[in-house]
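These notes are about the structure you will find just below.
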Amino acid sequence: MFVLVNLKTYPCDPLEIATAVRDVDETTDARLAVAPQAIHIERVAETGVETWAQHVDPIEHGSNTGHTLAESVADAGAVGTLVNHSERRLKLADIDGAVRAAERADLETVVCANNPEQIGAGAALGPDAVAVEPPELIGTGTPVSQADPGVVENAVVAAENVDDDVSVLCGAGISTGEDVTAADDLGTEGVLLASGVAKADNPRAALDDLVEPL
């Protein structure tokens with residue numbers, strides 16, 4: 001089970017959470033990683049935790065002021081990137097371009113989508129994984145696996161119908177070990193979460209709870 005903790009732009013200590021993710025990763029068979037803000041990638045990666053970018057742009061080296069270059073986040077220590085998170089939406093052509101840019105930089109990719117139909121479209125672009133995240137549930141503490149498990153099951157089917165080599169993750173509202181188990185039972189291979197760890201009073205305890213059932 002893959003557990004990717006997205007720190008977004010929450011006012012948290014990225015090194016404290018990175019260290020907690022790294023330490024908990026050593027206690028479980030699950031795979032844990034963290035996605036800090038771009039400016040923090042290098043320092044987070046230096047802790048030894050698996051580090052992801054929150055976004056890369058569909059660009060190459062050149063005149064691209066203000067954009068995020070895949071090679072730059074890879075050089076900083078990232079091994080993967082989210083693409084098309086609901087808080088950083090892209091057009092389909094740009095999603096494709098970002099996936100190609102990530103491939104060029106040897107970054108793994110998770111393409112986020114709102115529903116099973118979009119999951120199918122995302123899987124057709126050939127990322128390593130897709131993640132279903134209904135935006136209305138993000139940050140609510142109500143996981144999609146409880147609010148609408150059919151969305152997750154249909155997302156798994158949609159991806160399999162396009163390319164069964166593309167893994168399916170589940171996001172939005174994930175915060176407990178029960179949520180992770182439910183996502184596993186619905187056929188996904190991992191979860192995305194953010195506030196459940198990034199805003200926790202004790203990130204290490206929150207992470208321990210997430211992986212305890214696995």
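By order in the structure tokens, chains are A, B, ...; within a chain, residues start at 1; ligands start at 1, following the order shown.
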* **8 Å contact set for stretch 93-106 of chain A, only C-alpha atoms, chain neighbours under 4 positions out, as JSON, numbers by chain** => {"A": [56, 57, 58, 59, 60, 70, 71, 74, 79, 80, 81, 83, 84, 111, 125, 126, 127]}
Residue neighbourhood A:Arg204, 12 Å, only C-alpha atoms, exclusion window fewer than 6 positions, as a PDB file with all heavy atoms, in the first residue's frame:
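Result written to selection20.pdb:
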```pdb
ATOM      1  N   GLU A  16      10.002  18.128  10.086  1.00  0.00           N
ATOM      2  CA  GLU A  16       9.430  17.297  11.152  1.00  0.00           C
ATOM      3  C   GLU A  16       8.561  16.202  10.557  1.00  0.00           C
ATOM      4  O   GLU A  16       8.669  15.023  10.947  1.00  0.00           O
ATOM      5  CB  GLU A  16       8.593  18.156  12.100  1.00  0.00           C
ATOM      6  CG  GLU A  16       7.886  17.346  13.186  1.00  0.00           C
ATOM      7  CD  GLU A  16       6.849  18.130  13.967  1.00  0.00           C
ATOM      8  OE1 GLU A  16       6.596  19.303  13.620  1.00  0.00           O
ATOM      9  OE2 GLU A  16       6.281  17.568  14.917  1.00  0.00           O
ATOM     10  N   ILE A  17       7.711  16.567   9.604  1.00  0.00           N
ATOM     11  CA  ILE A  17       6.832  15.556   9.008  1.00  0.00           C
ATOM     12  C   ILE A  17       7.625  14.591   8.146  1.00  0.00           C
ATOM     13  O   ILE A  17       7.376  13.372   8.166  1.00  0.00           O
ATOM     14  CB  ILE A  17       5.711  16.237   8.210  1.00  0.00           C
ATOM     15  CG1 ILE A  17       4.810  17.023   9.177  1.00  0.00           C
ATOM     16  CG2 ILE A  17       4.892  15.205   7.435  1.00  0.00           C
ATOM     17  CD1 ILE A  17       3.687  17.771   8.522  1.00  0.00           C
ATOM     18  N   ALA A  18       8.607  15.096   7.403  1.00  0.00           N
ATOM     19  CA  ALA A  18       9.431  14.206   6.590  1.00  0.00           C
ATOM     20  C   ALA A  18      10.135  13.169   7.450  1.00  0.00           C
ATOM     21  O   ALA A  18      10.198  11.980   7.105  1.00  0.00           O
ATOM     22  CB  ALA A  18      10.455  15.025   5.807  1.00  0.00           C
ATOM     23  N   THR A  19      10.664  13.603   8.584  1.00  0.00           N
ATOM     24  CA  THR A  19      11.349  12.676   9.491  1.00  0.00           C
ATOM     25  C   THR A  19      10.378  11.644  10.049  1.00  0.00           C
ATOM     26  O   THR A  19      10.698  10.447  10.145  1.00  0.00           O
ATOM     27  CB  THR A  19      12.011  13.454  10.637  1.00  0.00           C
ATOM     28  OG1 THR A  19      12.950  14.385  10.091  1.00  0.00           O
ATOM     29  CG2 THR A  19      12.740  12.515  11.581  1.00  0.00           C
ATOM     30  N   ALA A  20       9.177  12.088  10.390  1.00  0.00           N
ATOM     31  CA  ALA A  20       8.164  11.157  10.895  1.00  0.00           C
ATOM     32  C   ALA A  20       7.772  10.145   9.830  1.00  0.00           C
ATOM     33  O   ALA A  20       7.657   8.941  10.110  1.00  0.00           O
ATOM     34  CB  ALA A  20       6.939  11.931  11.379  1.00  0.00           C
ATOM     35  N   VAL A  21       7.565  10.617   8.592  1.00  0.00           N
ATOM     36  CA  VAL A  21       7.215   9.708   7.494  1.00  0.00           C
ATOM     37  C   VAL A  21       8.339   8.700   7.275  1.00  0.00           C
ATOM     38  O   VAL A  21       8.099   7.499   7.110  1.00  0.00           O
ATOM     39  CB  VAL A  21       6.931  10.503   6.202  1.00  0.00           C
ATOM     40  CG1 VAL A  21       6.751   9.556   5.024  1.00  0.00           C
ATOM     41  CG2 VAL A  21       5.682  11.363   6.368  1.00  0.00           C
ATOM     42  N   ARG A  22       9.576   9.177   7.273  1.00  0.00           N
ATOM     43  CA  ARG A  22      10.724   8.284   7.093  1.00  0.00           C
ATOM     44  C   ARG A  22      10.779   7.218   8.189  1.00  0.00           C
ATOM     45  O   ARG A  22      10.962   6.027   7.913  1.00  0.00           O
ATOM     46  CB  ARG A  22      12.019   9.102   7.120  1.00  0.00           C
ATOM     47  CG  ARG A  22      13.291   8.291   6.965  1.00  0.00           C
ATOM     48  CD  ARG A  22      14.486   9.061   7.497  1.00  0.00           C
ATOM     49  NE  ARG A  22      14.369   9.286   8.944  1.00  0.00           N
ATOM     50  CZ  ARG A  22      15.080  10.201   9.621  1.00  0.00           C
ATOM     51  NH1 ARG A  22      15.922  10.997   8.970  1.00  0.00           N
ATOM     52  NH2 ARG A  22      14.929  10.324  10.930  1.00  0.00           N
ATOM     53  N   ASP A  23      10.592   7.638   9.435  1.00  0.00           N
ATOM     54  CA  ASP A  23      10.711   6.705  10.552  1.00  0.00           C
ATOM     55  C   ASP A  23       9.585   5.674  10.548  1.00  0.00           C
ATOM     56  O   ASP A  23       9.810   4.491  10.821  1.00  0.00           O
ATOM     57  CB  ASP A  23      10.727   7.469  11.873  1.00  0.00           C
ATOM     58  CG  ASP A  23      12.001   8.295  12.055  1.00  0.00           C
ATOM     59  OD1 ASP A  23      12.962   8.094  11.281  1.00  0.00           O
ATOM     60  OD2 ASP A  23      12.016   9.146  12.965  1.00  0.00           O
ATOM     61  N   VAL A  24       8.364   6.122  10.236  1.00  0.00           N
ATOM     62  CA  VAL A  24       7.244   5.182  10.189  1.00  0.00           C
ATOM     63  C   VAL A  24       7.387   4.232   9.010  1.00  0.00           C
ATOM     64  O   VAL A  24       7.054   3.042   9.110  1.00  0.00           O
ATOM     65  CB  VAL A  24       5.896   5.946  10.135  1.00  0.00           C
ATOM     66  CG1 VAL A  24       4.734   4.987   9.905  1.00  0.00           C
ATOM     67  CG2 VAL A  24       5.687   6.730  11.427  1.00  0.00           C
ATOM     68  N   ASP A  25       7.924   4.728   7.912  1.00  0.00           N
ATOM     69  CA  ASP A  25       8.150   3.875   6.744  1.00  0.00           C
ATOM     70  C   ASP A  25       9.033   2.677   7.099  1.00  0.00           C
ATOM     71  O   ASP A  25       8.861   1.583   6.553  1.00  0.00           O
ATOM     72  CB  ASP A  25       8.800   4.698   5.634  1.00  0.00           C
ATOM     73  CG  ASP A  25       9.037   3.894   4.367  1.00  0.00           C
ATOM     74  OD1 ASP A  25       8.058   3.386   3.788  1.00  0.00           O
ATOM     75  OD2 ASP A  25      10.207   3.756   3.967  1.00  0.00           O
ATOM     76  N   THR A  27       8.963   1.022   9.767  1.00  0.00           N
ATOM     77  CA  THR A  27       8.275   0.100  10.669  1.00  0.00           C
ATOM     78  C   THR A  27       7.192  -0.718   9.980  1.00  0.00           C
ATOM     79  O   THR A  27       6.537  -1.531  10.638  1.00  0.00           O
ATOM     80  CB  THR A  27       7.620   0.876  11.833  1.00  0.00           C
ATOM     81  OG1 THR A  27       6.490   1.623  11.337  1.00  0.00           O
ATOM     82  CG2 THR A  27       8.613   1.821  12.490  1.00  0.00           C
ATOM     83  N   GLY A 196      -4.804  15.280   7.368  1.00  0.00           N
ATOM     84  CA  GLY A 196      -4.795  14.278   8.426  1.00  0.00           C
ATOM     85  C   GLY A 196      -3.438  14.124   9.079  1.00  0.00           C
ATOM     86  O   GLY A 196      -3.339  13.720  10.244  1.00  0.00           O
ATOM     87  N   VAL A 197      -2.380  14.451   8.341  1.00  0.00           N
ATOM     88  CA  VAL A 197      -1.027  14.424   8.891  1.00  0.00           C
ATOM     89  C   VAL A 197      -0.458  15.831   9.014  1.00  0.00           C
ATOM     90  O   VAL A 197       0.067  16.218  10.059  1.00  0.00           O
ATOM     91  CB  VAL A 197      -0.092  13.554   8.018  1.00  0.00           C
ATOM     92  CG1 VAL A 197       1.363  13.695   8.467  1.00  0.00           C
ATOM     93  CG2 VAL A 197      -0.517  12.098   8.070  1.00  0.00           C
ATOM     94  N   ALA A 198      -0.573  16.634   7.957  1.00  0.00           N
ATOM     95  CA  ALA A 198       0.058  17.959   7.934  1.00  0.00           C
ATOM     96  C   ALA A 198      -0.511  18.895   8.998  1.00  0.00           C
ATOM     97  O   ALA A 198       0.188  19.799   9.473  1.00  0.00           O
ATOM     98  CB  ALA A 198      -0.096  18.584   6.556  1.00  0.00           C
ATOM     99  N   LEU A 210      -2.295   5.423  10.733  1.00  0.00           N
ATOM    100  CA  LEU A 210      -2.589   5.119   9.330  1.00  0.00           C
ATOM    101  C   LEU A 210      -2.082   3.748   8.930  1.00  0.00           C
ATOM    102  O   LEU A 210      -2.763   3.022   8.208  1.00  0.00           O
ATOM    103  CB  LEU A 210      -1.955   6.179   8.424  1.00  0.00           C
ATOM    104  CG  LEU A 210      -2.691   7.499   8.259  1.00  0.00           C
ATOM    105  CD1 LEU A 210      -1.778   8.512   7.610  1.00  0.00           C
ATOM    106  CD2 LEU A 210      -3.946   7.317   7.426  1.00  0.00           C
ATOM    107  N   VAL A 211      -0.890   3.410   9.363  1.00  0.00           N
ATOM    108  CA  VAL A 211      -0.278   2.166   8.877  1.00  0.00           C
ATOM    109  C   VAL A 211      -0.520   0.984   9.803  1.00  0.00           C
ATOM    110  O   VAL A 211      -0.233  -0.161   9.435  1.00  0.00           O
ATOM    111  CB  VAL A 211       1.233   2.339   8.663  1.00  0.00           C
ATOM    112  CG1 VAL A 211       1.509   3.492   7.699  1.00  0.00           C
ATOM    113  CG2 VAL A 211       1.982   2.552   9.972  1.00  0.00           C
ATOM    114  N   GLU A 212      -1.039   1.231  11.003  1.00  0.00           N
ATOM    115  CA  GLU A 212      -1.197   0.157  11.983  1.00  0.00           C
ATOM    116  C   GLU A 212      -1.977  -1.047  11.435  1.00  0.00           C
ATOM    117  O   GLU A 212      -1.602  -2.202  11.687  1.00  0.00           O
ATOM    118  CB  GLU A 212      -1.853   0.714  13.254  1.00  0.00           C
ATOM    119  CG  GLU A 212      -1.828  -0.248  14.432  1.00  0.00           C
ATOM    120  CD  GLU A 212      -2.990  -1.218  14.415  1.00  0.00           C
ATOM    121  OE1 GLU A 212      -4.050  -0.865  13.880  1.00  0.00           O
ATOM    122  OE2 GLU A 212      -2.808  -2.346  14.926  1.00  0.00           O
TER     123      GLU A 212
END
```
* To do: Write out as a list in words all residues of stretch 122-193 of chain A that backbone DSSP assigns to strand (DSSP E).
  =>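 After running DSSP on the backbone, stretch 122-193 of chain A has strand (DSSP E) at Ala129, Val130, Ala131, Val132, Ser167, Val168, Leu169, Cys170, Gly190, Val191, Leu192 and Leu193 of chain A.
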* To do: From stretch 20-182 of chain A, collect each residue whose DSSP state is alpha helix (DSSP H) and return the set as a PyMOL selection string.
  => chain A and resi 20-25+41-45+70-76+92-104+116-123+144-147+149-162+177-182
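Within the 7 Å cut-off around A:Ser167, using only C-alpha atoms and omitting residues fewer than 2 positions from it on the same chain, the listed residues are Asp128, Ala129, Val130, Asp165, Leu169 and Glu189 of chain A.
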Could those selected residues go to a file with N, CA, C and O atoms, as an mmCIF file, in the first residue's frame?
```cif
data_model
loop_
_atom_site.group_PDB
_atom_site.id
_atom_site.type_symbol
_atom_site.label_atom_id
_atom_site.label_comp_id
_atom_site.auth_asym_id
_atom_site.auth_seq_id
_atom_site.Cartn_x
_atom_site.Cartn_y
_atom_site.Cartn_z
ATOM 1 N N ASP A 128 2.123 6.392 -14.054
ATOM 2 C CA ASP A 128 2.321 5.214 -13.204
ATOM 3 C C ASP A 128 1.073 4.906 -12.396
ATOM 4 O O ASP A 128 0.781 3.739 -12.106
ATOM 5 N N ALA A 129 0.332 5.941 -12.032
ATOM 6 C CA ALA A 129 -0.878 5.749 -11.230
ATOM 7 C C ALA A 129 -1.846 6.896 -11.480
ATOM 8 O O ALA A 129 -1.461 7.966 -11.968
ATOM 9 N N VAL A 130 -3.093 6.653 -11.135
ATOM 10 C CA VAL A 130 -4.123 7.686 -11.121
ATOM 11 C C VAL A 130 -4.727 7.692 -9.721
ATOM 12 O O VAL A 130 -4.696 6.694 -9.013
ATOM 13 N N ASP A 165 -1.962 -1.762 -16.122
ATOM 14 C CA ASP A 165 -0.664 -1.503 -15.499
ATOM 15 C C ASP A 165 -0.658 -0.209 -14.697
ATOM 16 O O ASP A 165 0.303 0.080 -13.977
ATOM 17 N N LEU A 169 -5.071 4.987 -6.931
ATOM 18 C CA LEU A 169 -5.010 5.455 -5.556
ATOM 19 C C LEU A 169 -6.325 6.148 -5.211
ATOM 20 O O LEU A 169 -7.106 6.502 -6.085
ATOM 21 N N GLU A 189 -4.514 0.730 -4.639
ATOM 22 C CA GLU A 189 -3.166 0.332 -4.230
ATOM 23 C C GLU A 189 -2.471 1.396 -3.392
ATOM 24 O O GLU A 189 -1.269 1.296 -3.121
#
```
* **Selection: 6 Å around A:Leu32, only C-alpha atoms, excl. self and same-chain fewer than 4 positions, as a PyMOL selection string** => chain A and resi 2-4+25
* Which is closer to A:Tyr10 than all the others in A:Ala200, A:Ala159, A:Val73, A:Leu214, using only C-alpha atoms? ->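 Among A:Ala200, A:Ala159, A:Val73, A:Leu214, it is A:Ala200 that comes nearest to A:Tyr10.
Distances to A:Ala78 were evaluated for A:Gly48, A:Gly171, A:Pro203, A:Gly187 using only C-alpha atoms, and the minimum falls at A:Gly48.
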* **Minimum-distance residue to A:Ser86, chosen among A:Asp148, A:Glu108, A:Glu178, A:Glu133 (using only C-alpha atoms)** =>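 Using only C-alpha atoms, the shortest distance to A:Ser86 belongs to A:Glu133.
Considering the residues A:Leu15, A:Asp29, A:Asp184, A:Ala131 and counting only C-alpha atoms, A:Val49 has its shortest atom-to-atom contact with A:Leu15.
Taking only C-alpha atoms into account, A:Val44 lies nearest to A:Leu7 out of the set A:Arg31, A:Leu7, A:Thr65, A:Ala194.
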* **Test item: residues at most 8 Å from A:Gly120, only C-alpha atoms, excluding those fewer than 6 positions along its chain, as a list in words** =>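 These residues fall inside the cut-off: Ala155, Ala158, Ala159, Asn161 and Val162 of chain A.
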* Selected residue of minimal separation from A:Asp208 among A:Thr28, A:Thr188, A:Thr51, A:Gln37, counting only C-alpha atoms -> A:Thr28
